[in-house]
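Have a look at the structure below, then the notes.
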Amino acid sequence: MGRPWILDYDGANCTIGAAVGIIGERWTFLVLREVFNGVRRFDDMQRRTQAPRQILSDRLGRLVDRGLLRKVPYQEHGQRSRHEYRLTEAGLDLYPVLVALMQWGDRHAVSPAGPLALLTHRDCGERVRLELTCGAGHKLASAREVTPLPGPGARKTA
């Protein structure tokens with residue numbers, strides 16, 4: 001194998017780096033996990049994630065500011081108005097990322113008791129799994145079947 005072409009390109013425009021800059025932190029992933037599981041209220045998220053209140057508030061604010069969550073007001077009878085957090089379309093687009101992390105964890109980081117949750121298809125009840133395919137529909141078994149090429153945002157280094 002020769003020298004990787006990527007060494008001739010600037011990494012500053014990397015979309016993986018940009019995505020990690022937005023969501024690549026433990027508390028953020030735990031908040032997203034909870035929202036995908038239907039947990040919408042601050043106190044419930046705090047109890048489930050065990051995040052300190054200030055950190056949870058910060059992460060929720062960032063996810064709202066980045067357009068991944070939206071705040072929806074609600075009010076319990078006799079209580080002050082509060083907000084629930086709901087996924088936006090951009091937030092929903094992160095679902096495959098969380099499923100991929102979950103599948104990896106189920107394979108390489110699971111406790112002896114087994115995984116906490118199993119994902120099933122609502123219509124048929126079968127287990128959900130994430131697979132990579134190409135545009136022609138071929139299933140890819142590993143990263144060894146993928147060839148990265150420069151994209152339109154690639155810029156050669158000097």
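Simple scheme: letters A, B, ... for chains in structure tokens order, numbers from 1 for residues in each chain, numbers from 1 for ligands in the order shown.
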For this session: Extract, using only C-alpha atoms, all DNA, RNA and protein residues at most 12 Å from range 54-62 of chain A, discarding same-chain residues fewer than 6 positions from it, and format them as an MDAnalysis selection string.
Result: chainID A and resid 21:32 34:35 40:48 68:71 83:87
For this session: From a DSSP pass on the backbone, collect the residues of chain A flagged as strand (DSSP E) and hand them back as JSON, numbers by chain.
Result: {"A": [69, 70, 71, 72, 73, 74, 82, 83, 84, 85, 86, 87, 132, 133, 139, 140]}
Nearby residues (only C-alpha atoms) at most 10 Å from range 7-19 of chain A, same-chain spacing under 2 positions excluded, as a PDB file with N, CA and C atoms, in the first residue's frame:
```pdb
ATOM      1  N   ARG A   3       1.448   5.587  -0.094  1.00  0.00           N
ATOM      2  CA  ARG A   3       1.185   6.694   0.825  1.00  0.00           C
ATOM      3  C   ARG A   3      -0.273   7.128   0.678  1.00  0.00           C
ATOM      4  N   PRO A   4      -1.013   7.275   1.793  1.00  0.00           N
ATOM      5  CA  PRO A   4      -2.419   7.694   1.705  1.00  0.00           C
ATOM      6  C   PRO A   4      -2.554   9.092   1.103  1.00  0.00           C
ATOM      7  N   TRP A   5      -3.453   9.265   0.157  1.00  0.00           N
ATOM      8  CA  TRP A   5      -3.662  10.556  -0.501  1.00  0.00           C
ATOM      9  C   TRP A   5      -4.021  11.650   0.492  1.00  0.00           C
ATOM     10  N   GLY A  21     -17.036  18.256  17.184  1.00  0.00           N
ATOM     11  CA  GLY A  21     -17.072  19.544  17.872  1.00  0.00           C
ATOM     12  C   GLY A  21     -18.454  19.885  18.399  1.00  0.00           C
ATOM     13  N   ILE A  22     -19.480  19.360  17.773  1.00  0.00           N
ATOM     14  CA  ILE A  22     -20.856  19.627  18.204  1.00  0.00           C
ATOM     15  C   ILE A  22     -21.342  18.586  19.204  1.00  0.00           C
ATOM     16  N   ILE A  23     -21.110  17.314  18.925  1.00  0.00           N
ATOM     17  CA  ILE A  23     -21.725  16.262  19.751  1.00  0.00           C
ATOM     18  C   ILE A  23     -20.736  15.356  20.458  1.00  0.00           C
ATOM     19  N   GLY A  24     -19.441  15.543  20.250  1.00  0.00           N
ATOM     20  CA  GLY A  24     -18.454  14.572  20.707  1.00  0.00           C
ATOM     21  C   GLY A  24     -18.035  14.669  22.153  1.00  0.00           C
ATOM     22  N   PRO A 150     -10.850  12.203  -2.451  1.00  0.00           N
ATOM     23  CA  PRO A 150     -11.029  13.620  -2.123  1.00  0.00           C
ATOM     24  C   PRO A 150     -12.430  14.094  -2.512  1.00  0.00           C
ATOM     25  N   GLY A 153     -14.785  19.551  -1.004  1.00  0.00           N
ATOM     26  CA  GLY A 153     -14.231  20.503  -0.032  1.00  0.00           C
ATOM     27  C   GLY A 153     -12.773  20.256   0.287  1.00  0.00           C
ATOM     28  N   ALA A 154     -12.151  19.250  -0.347  1.00  0.00           N
ATOM     29  CA  ALA A 154     -10.755  18.937  -0.077  1.00  0.00           C
ATOM     30  C   ALA A 154      -9.845  20.014  -0.660  1.00  0.00           C
ATOM     31  N   ARG A 155      -8.878  20.449   0.129  1.00  0.00           N
ATOM     32  CA  ARG A 155      -7.911  21.458  -0.297  1.00  0.00           C
ATOM     33  C   ARG A 155      -6.511  20.923  -0.072  1.00  0.00           C
ATOM     34  N   LYS A 156      -5.701  20.913  -1.140  1.00  0.00           N
ATOM     35  CA  LYS A 156      -4.329  20.424  -1.038  1.00  0.00           C
ATOM     36  C   LYS A 156      -3.518  21.326  -0.112  1.00  0.00           C
ATOM     37  N   THR A 157      -2.613  20.700   0.634  1.00  0.00           N
ATOM     38  CA  THR A 157      -1.705  21.479   1.474  1.00  0.00           C
ATOM     39  C   THR A 157      -0.568  21.992   0.634  1.00  0.00           C
ATOM     40  N   ALA A 158       0.039  23.059   1.104  1.00  0.00           N
ATOM     41  CA  ALA A 158       1.151  23.675   0.351  1.00  0.00           C
ATOM     42  C   ALA A 158       2.392  22.830   0.409  1.00  0.00           C
TER      43      ALA A 158
END
```
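Computed from the coordinates, the CA of Pro96 in chain A to CA of Arg129 in chain A distance equals 9.6 Å.
With only C-alpha atoms as the basis for measurement, A:Phe36 is the residue among A:Pro148, A:Gly114, A:Ala51, A:Phe36 that approaches Leu92 in chain A most closely.
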Problem set entry | Surrounding residues of Gly67 in chain A excluding itself and chain neighbours under 2 positions, 8 Å, only C-alpha atoms, as a list of chain:residue names | A:Leu63, A:Val64, A:Asp65, A:Leu69, A:Arg70, A:Thr88, A:Ala90, A:Gly91
